[in-house]
Structures are given as C-alpha cells and as structure tokens.
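Visitor: For reference, the structure I am asking about is given below.
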Amino acid sequence: MEYLRVEKLTKSYGIKTLFENISFVINKKEKFALIAKNGTGKTSLLNIITGKDISDSGKVSLNNSISVAYLEQEPVFFGDNTVIEQVFNSSGKIVNSVKDYERAMQSQDEKEIREAVETMDRLEAWEFEREIKTILTKLKITDFEKKVNILSGGQKKRLALANALLNKPDFLMLDEPTNHLDFEMIEWLEDYLSKSDITVLTITHDRYFLDKICNRIIEIDGNELHLYKGNYAHYLVKRQERINISKVNIEKARNLLRIEAQWMSKQPKARATKAKHRIDNYYKIKEKAGKKPEEHNFNIEIEGKRLGKKIIDIDNINKAYDENILIDDFSYKFVKEEKIAIVGNNGVGKSTFLNLIAGKIKSDSGTVDIGETVSIGYFEQSSMNLSEDKHLIEVIRDQAEVIKLGKNREMSAAQFAEYFLFPRNMHYNFVSQLRGGEKRRLHLMTVLMKNPNFLILDEPTNDLDIMSLNVLEDYIRHFKGTVLLVSHDRYFIDKTADTLFVFKGKGEIKVFPGNYSAYIQYIARNEKNITEINQKKLNQKPEKRKKETGKQILKLAYKEKTEFKTLDEELERFNKEKSELELYMQSGNYTSEELAEKSKRLAELIEIIDEKEMRWLELSEKV
C-alpha cells in the first residue's frame, strides 16, 4: 500500500537550490532515513510533505486514508497545560476516540456510546492512560502535573516524541528524534520502532539508530536524490560503489571532452556540415566532465602546541549541589593522546565535570592540577558568541590565516573551511545566513583553530550532519593532544574514544578501558555471569551456600566482609520487590497517582539492583 509519493519536487531559498526534481515513493511498513549535508533541505522536505511549507514545483501525494504524526526538531507548545493534559489535548485517532467516548457517555445516546465503544475496542484504546504514563516514564518525564510551558527544551522534545508514539500513527515522520535522549532512552526507542509496523521517515545523525531501524536510505547530494535499499551499513558500501562509478564516468567524460573540444574548435564552416546532435552532445559531455568527484579526502594532521609530560591531574575531587551528589572522591591522571568519552544518563554531572576541568567552576574539595604546557580548547553546548554581521571567512581568519599541519605543511583559512564542508561559494555568506548546524560547525572550527592540545567537547555532534561527523571524527583520530568529550552518539564514541568515564549517578564514576561497544559487551557479560552465579547459588543447599560464603569472606578485608554478608540478602529483597512491582503494573488495577509513584520506585530499584550486582561481582572476584 502506497503511503507517500513525491514527484519532481524542487525547492530553493533565494539563489540557493536545496533539491531539484527529486522523486520517491514510501510504502506501508517501510522505514526510510533521509541523509544529506546540513543546509540541503532535509527539514524543508519534511515540512513540504506535512504542508508546513510549499515547494517551487512538483507534487506531494500523501494517502488521506492514513494517520500521520510529525515530530519537529524544535517542537513548540502553547497554553498552560500540564504534561498529562497536553497528551490528552493532542490530536490523533486514539486520543480522539477517547474524547468521543467521553462525549458519548455524557450525552447518554445509545447509538453514540455503541459506536464509541466499538472504536475504542478496534483501536485498543482502553489502556491509553496507563500507556501514556508508561511511555512518558520511559522517556524520563515523571512529573505528569508539571506545566508544559516551564519544561526545558529537551523535555519538550521528549514530550512531543511521546505524543507522536502514543497516537500510534500509520506514518511517522521524525526530525532528529534522538536529540536530548540518553543512551537508555535511545535504545528503548530503537526497540519500540523496530518491533512496530509503523511506517517511518526520519532525519537523524545517529548512525546506530539508522542501522537498527531503517531499511531504506534516501541521500540528497548535489541537488540529486539517490535511493538505497538496506540499512546504514549497506548504504555505506553501495554509496562507495556509486562514487567509484561516478569517478570512472567523469574521467571518461573528460577524455571524450578533449576529442570533442578539438572538433568544436574547427572553423564554423567545417563544423556546420556536421550533425547538430553532436554539438548538443558536446555541451552535455562538458557538463558531465565538469563535475567533481563526491568523495571527501579525510587526511589531516594538526600540529598542535607542544604538550609536556604533565597533562592534568585530578585528585579526590567532590562536587554536589545541595543533596545532589554529582562527583564523589574522583581521581585521575590524563596522558598524552588519550581520547576519553564521558557517558551516563542526563543530569548525572557530565557537563559539570567538563566545567571543573576547564576551570569554569570550582570543586567542593580536591584539586585539579593543570600542567604548564596545557592549552585547553573548550567547545560548549550553548556558548557560540559568533558575530552575526561578519562573513564566514572573516570569522575563520580572525582565529588564524594559516593552520600548521606539521612536517612543514600548512593549510589556509579558506582550505580549512572547505575541509569542514564549507565550499568556496559560502565563504562570504554572513553568519546570520547560516543554519543551526552550520553555526555549530563554524563555532567548532574557531575552537580547533586556536591550536589547543587538550580538547574538551560537550555534545559536539548535536545538529551536525553525518558528513560533518565524519570530518570531526577524522580530525579527533589524528589529533596529537588529549581529548575529553561528552556525547550521546554511540557511533561517534566508538570511532573516537579509547577510554570511558561512566557516570553511574550519586557521584560514582567508573573508568572503563575501551569504547562504547566494548563497554556494552562487558556489561552484558557481567549480567550473564551474575545471573549464572545467582542461579547456581539458588540451586545449592542452604548449608553448602552458607559454608562457601564463609570461605569467601575469610579472604576479604574487614569492611568488605561486612558488606559482602549483607549483599545477598539485599539483592534477594530488592529483586522480590521489583518482581512484585512489575506484576502490579501489569494488572492495571491502580490510579494514575499510584502508577506514577510505582513507576518512579521501579526505576529506583533497577538502578539499586544494578549497582549492588556490580559490587557483588567486584567482591566475588577477590576470592
């Protein structure tokens, strides 16, 4: 069944053409991703499809028998609704069916009630309120009575995502759905969408999300559209094949152009006797030969300032705001060329840690000792401070006219701009003309051009397209200094980091030697080990279990002995409470207030059990 047909669509802003004569079709159950450089019209295309914008030419046919939901990149809510009211006041077939049922019950019209009940049955809408609170809780919005107008930007994005999912549309369009989601929420969303039959069209820079969710890729490049069947990994292979073929064809066209150019240069009289189609064909060959190969050459090494033996030493630092402990007695010595990624849920202190290292704030106790040769470059989430009335190239030249690459090589400001995907025809654009992702990329360049040897990057991947991410990843891999970064982009971390600081909450920070995928494998392996150990212990006779536990305790320090004695009892108690809560939530026999309270407690229990199981494993390894 066809859901969407786009035919020969063209859109321009002023003299800039975003896309030209693009066509594609989306059918039921297909999951499409849209990939393109920033500023080439991805969001504009979604806005045209949904009727929020108009095209210059072409046609969009959206099946009027299906329901559609659109998650905008920066959703806006009006009015004074609470979170729960906002969901109930949104449009959608399930919400509307609930409203129709309530109206029918008030009217006491038997026909209306019967029709409303049938609709509720068909849409399985009876559990809607419980599902609202379950999804909101998964997206970590637990205060259902909080006013929407005081939510943060990230909370609004997550509420809008919950709205879109709860209405269970046939066709779902998502503009950067993983922005403002932590790893846990992203993985939940991946699981939700991959198991669903919802048809999807999404814009996202999260390449693991693309790989897991999408089975079709649309790429807009050079105003043209290219369609790939398969996930992101398949797309990378097929795109490279297309680029290789394109290179061969361009080279053939250039060789042919030399022959045709000789013929065209002959006297007009001689040329007049030739076929007109050959003259026309000459100009077609000339256009094809004039194209540039699409592949970007990633090979750059920035010289950087000399970095001495001492980098930054952190000694027993602590930081808390009132009762909220963010960093508890953490120590670490950074080394040269180390690439560290900080991971953890929202609100556990990741940005606070960066600000401590950068000297923006002070720790409550402990020391941050910075080596004399360290030059910090800090890319912050919100602070850009770009002069809107300056040309792009002026902003770059204000930092440096020339970038030293080492080995007596250098790069001009204009070349550096091109490396970060600002073509020459953009260099004299005013900063005010740039889009959000382009401004962030320009700001990132101004940080890098100051020639730091210790880079601090706070969410550098936000609003960057996949092409820009590849450039940044290449830059970081070749960077000779130390890098400390925060990102929710798992693919980016895998490609750039060799060490993780895992912020587990309540001030606890674990140092893990490896990237994100290695860490996930480690967690999975430990969970398996813990499960097997617990199962083995449950199968033991009580006398044997007590005897073996006693042997183990003899090998532990006094403080650890006391702790180890209580862990088994605590885990048994907490797991029992967790099982009872899960059964309770599946029953449906509760009020909305009770559900909110139980959901919050369940989240707390999961965190407590994870921490205690990890500690149990640590102690058991000592015996």
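Residue numbering restarts at 1 in every chain; chains get A, B, ... in the order shown in the structure tokens, and ligands count up from 1 in that same order.
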Find the spatial neighbours of stretch 423-436 of chain A, counting only C-alpha atoms, within a cut-off of 10 Å - ignore same-chain residues fewer than 2 positions away - and output them as a CSV table (one decimal) with C-alpha atoms, in the first residue's frame.
Guide:
chain,number,residue,atom,x,y,z
A,38,ASN,CA,23.2,20.5,6.6
A,39,GLY,CA,21.6,23.2,4.6
A,386,LEU,CA,29.7,34.4,16.8
A,387,SER,CA,29.3,37.9,15.2
A,388,GLU,CA,26.2,37.7,13.1
A,389,ASP,CA,27.2,40.6,10.8
A,390,LYS,CA,30.5,39.0,9.8
A,391,HIS,CA,31.3,36.9,6.7
A,392,LEU,CA,32.0,33.2,7.4
A,393,ILE,CA,35.6,33.5,6.2
A,394,GLU,CA,36.2,36.6,8.4
A,395,VAL,CA,35.2,34.6,11.5
A,396,ILE,CA,37.8,32.0,10.5
A,414,ALA,CA,39.8,29.0,3.2
A,415,GLN,CA,41.1,25.5,2.8
A,417,ALA,CA,36.8,25.9,5.8
A,418,GLU,CA,36.5,23.6,2.8
A,419,TYR,CA,37.8,20.7,4.9
A,420,PHE,CA,34.9,21.3,7.3
A,421,LEU,CA,32.5,21.3,4.4
A,438,GLU,CA,26.3,25.3,10.2
A,439,LYS,CA,26.8,27.7,13.0
A,440,ARG,CA,27.8,24.9,15.4
A,441,ARG,CA,30.3,23.7,12.8
A,442,LEU,CA,31.8,27.1,12.4
A,462,ASN,CA,24.3,17.9,18.1
A,463,ASP,CA,22.9,19.4,14.9
A,464,LEU,CA,25.8,18.1,12.8
Visitor: Name all residues at most 10 Å from A:Asn179 (count only C-alpha atoms; drop same-chain ones fewer than 4 positions away) and give them as a PyMOL selection string.
Guide: chain A and resi 73-74+154+157-158+175+186+204-206+461-463+488-489
Visitor: Which parts of stretch 153-194 of chain A does DSSP call strand (DSSP E) when run on the backbone here, written out as number ranges by chain?
Guide: A: 171-175
Visitor: Contacts of A:Arg207 at 9 Å or less, counting only C-alpha atoms, minus same-chain residues fewer than 6 places along, as a PyMOL selection string?
Guide: chain A and resi 232-233+466+489-492
Visitor: Mind the document's chain letters and residue numbers, and return as a list in words the residues of stretch 177-227 of chain A that DSSP labels helix (DSSP H, G or I).
Guide: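 So, restricting stretch 177-227 of chain A to helix (DSSP H, G or I), we get Phe183, Glu184, Met185, Ile186, Glu187, Trp188, Leu189, Glu190, Asp191, Tyr192, Leu193, Ser194, Arg207, Tyr208, Phe209, Leu210, Asp211, Lys212 and Ile213 of chain A.
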Visitor: With C-alpha atoms retained, write the just-selected residues as a CSV table (one decimal), in the first residue's frame.
Guide:
chain,number,residue,atom,x,y,z
A,183,PHE,CA,21.6,6.0,25.7
A,184,GLU,CA,18.9,4.2,27.7
A,185,MET,CA,16.1,6.2,26.0
A,186,ILE,CA,17.6,5.8,22.5
A,187,GLU,CA,17.9,2.1,22.9
A,188,TRP,CA,14.3,1.9,24.2
A,189,LEU,CA,13.1,3.9,21.1
A,190,GLU,CA,15.1,1.7,18.8
A,191,ASP,CA,13.4,-1.4,20.3
A,192,TYR,CA,10.0,0.2,20.2
A,193,LEU,CA,10.2,1.2,16.5
A,194,SER,CA,12.0,-1.9,15.3
A,207,ARG,CA,24.2,6.0,12.7
A,208,TYR,CA,23.5,3.1,15.1
A,209,PHE,CA,19.8,4.2,15.2
A,210,LEU,CA,19.8,4.3,11.3
A,211,ASP,CA,21.4,0.9,11.2
A,212,LYS,CA,18.9,-0.8,13.5
A,213,ILE,CA,15.7,0.9,12.4
Visitor: Could you list, as a PyMOL selection string, every residue within 9 Å of A:Val25, counting only C-alpha atoms and ignoring same-chain residues fewer than 6 positions away?
Guide: chain A and resi 2-7
Visitor: Could the residues in this selection be saved with N, CA and C atoms as a JSON list (two decimals), in the first residue's frame?
Guide:
[["chain", "number", "residue", "atom", "x", "y", "z"],
["A", 2, "GLU", "N", 0.61, 2.15, -0.90],
["A", 2, "GLU", "CA", 1.42, 3.37, -1.03],
["A", 2, "GLU", "C", 0.96, 4.43, -0.02],
["A", 3, "TYR", "N", 1.92, 4.94, 0.77],
["A", 3, "TYR", "CA", 1.60, 5.97, 1.76],
["A", 3, "TYR", "C", 1.96, 7.37, 1.28],
["A", 4, "LEU", "N", 3.10, 7.47, 0.56],
["A", 4, "LEU", "CA", 3.58, 8.79, 0.14],
["A", 4, "LEU", "C", 4.22, 8.68, -1.23],
["A", 5, "ARG", "N", 3.89, 9.65, -2.09],
["A", 5, "ARG", "CA", 4.55, 9.75, -3.40],
["A", 5, "ARG", "C", 5.03, 11.19, -3.59],
["A", 6, "VAL", "N", 6.31, 11.34, -3.85],
["A", 6, "VAL", "CA", 6.91, 12.64, -4.12],
["A", 6, "VAL", "C", 7.38, 12.63, -5.58],
["A", 7, "GLU", "N", 6.93, 13.61, -6.36],
["A", 7, "GLU", "CA", 7.22, 13.63, -7.79],
["A", 7, "GLU", "C", 7.85, 14.95, -8.21]]
Visitor: May I have the residues within 7 Å of A:Leu227 as number ranges by chain, using only C-alpha atoms and disregarding those fewer than 2 positions away in the same chain?
Guide: A: 217-219, 225, 229
Visitor: Restricting the calculation to only C-alpha atoms, which member of A:Cys214, A:Asn223, A:Lys37, A:Ile403 is positioned closest to A:Ser12?
Guide: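 So, comparing all the options, the nearest one is A:Asn223.
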Visitor: Please report, as CSV, each residue of stretch 347-453 of chain A lying at most 6 Å from stretch 314-330 of chain A, together with the nearest pair of atoms and the separation in Å rounded to one decimal; use only C-alpha atoms, and order rows by chain and ascending residue number.
Guide:
residue,atom,partner,partner_atom,distance
A:Val348,CA,A:Leu326,CA,5.9
A:Gly349,CA,A:Leu326,CA,5.1
A:Ser363,CA,A:Lys319,CA,5.4
A:Asp364,CA,A:Lys319,CA,5.2
A:Ser365,CA,A:Asn318,CA,5.4
A:Gly366,CA,A:Ile317,CA,4.0
A:Thr367,CA,A:Asp315,CA,5.2
A:Val368,CA,A:Ile314,CA,4.7
Visitor: Kindly save the residues from that selection, with C-alpha atoms included, as a compact mmCIF listing (two decimals), in the first residue's frame.
Guide:
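Contents of the output file part_38.txt:
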# COMPACT_ATOMS: atom_id res chain seq x y z
CA VAL A 348 24.37 12.93 36.47
CA GLY A 349 27.03 15.65 36.21
CA SER A 363 35.12 21.68 43.11
CA ASP A 364 33.85 21.47 46.70
CA SER A 365 37.08 19.73 47.66
CA GLY A 366 40.05 18.10 45.97
CA THR A 367 42.32 19.57 43.30
CA VAL A 368 42.55 19.90 39.50
Visitor: Can you measure atom CA of A:Arg615 to atom CA of A:Glu570 for me? One decimal in Å is fine.
Guide: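 One can read the atom CA of A:Arg615 to atom CA of A:Glu570 distance as 11.9 Å.
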Visitor: Considering only C-alpha atoms, state which residue in the set A:Arg397, A:Lys195, A:Lys52, A:Lys305 is at the smallest distance from A:Glu72.
Guide: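 Residue with the minimum atom-to-atom distance to A:Glu72: A:Lys52.
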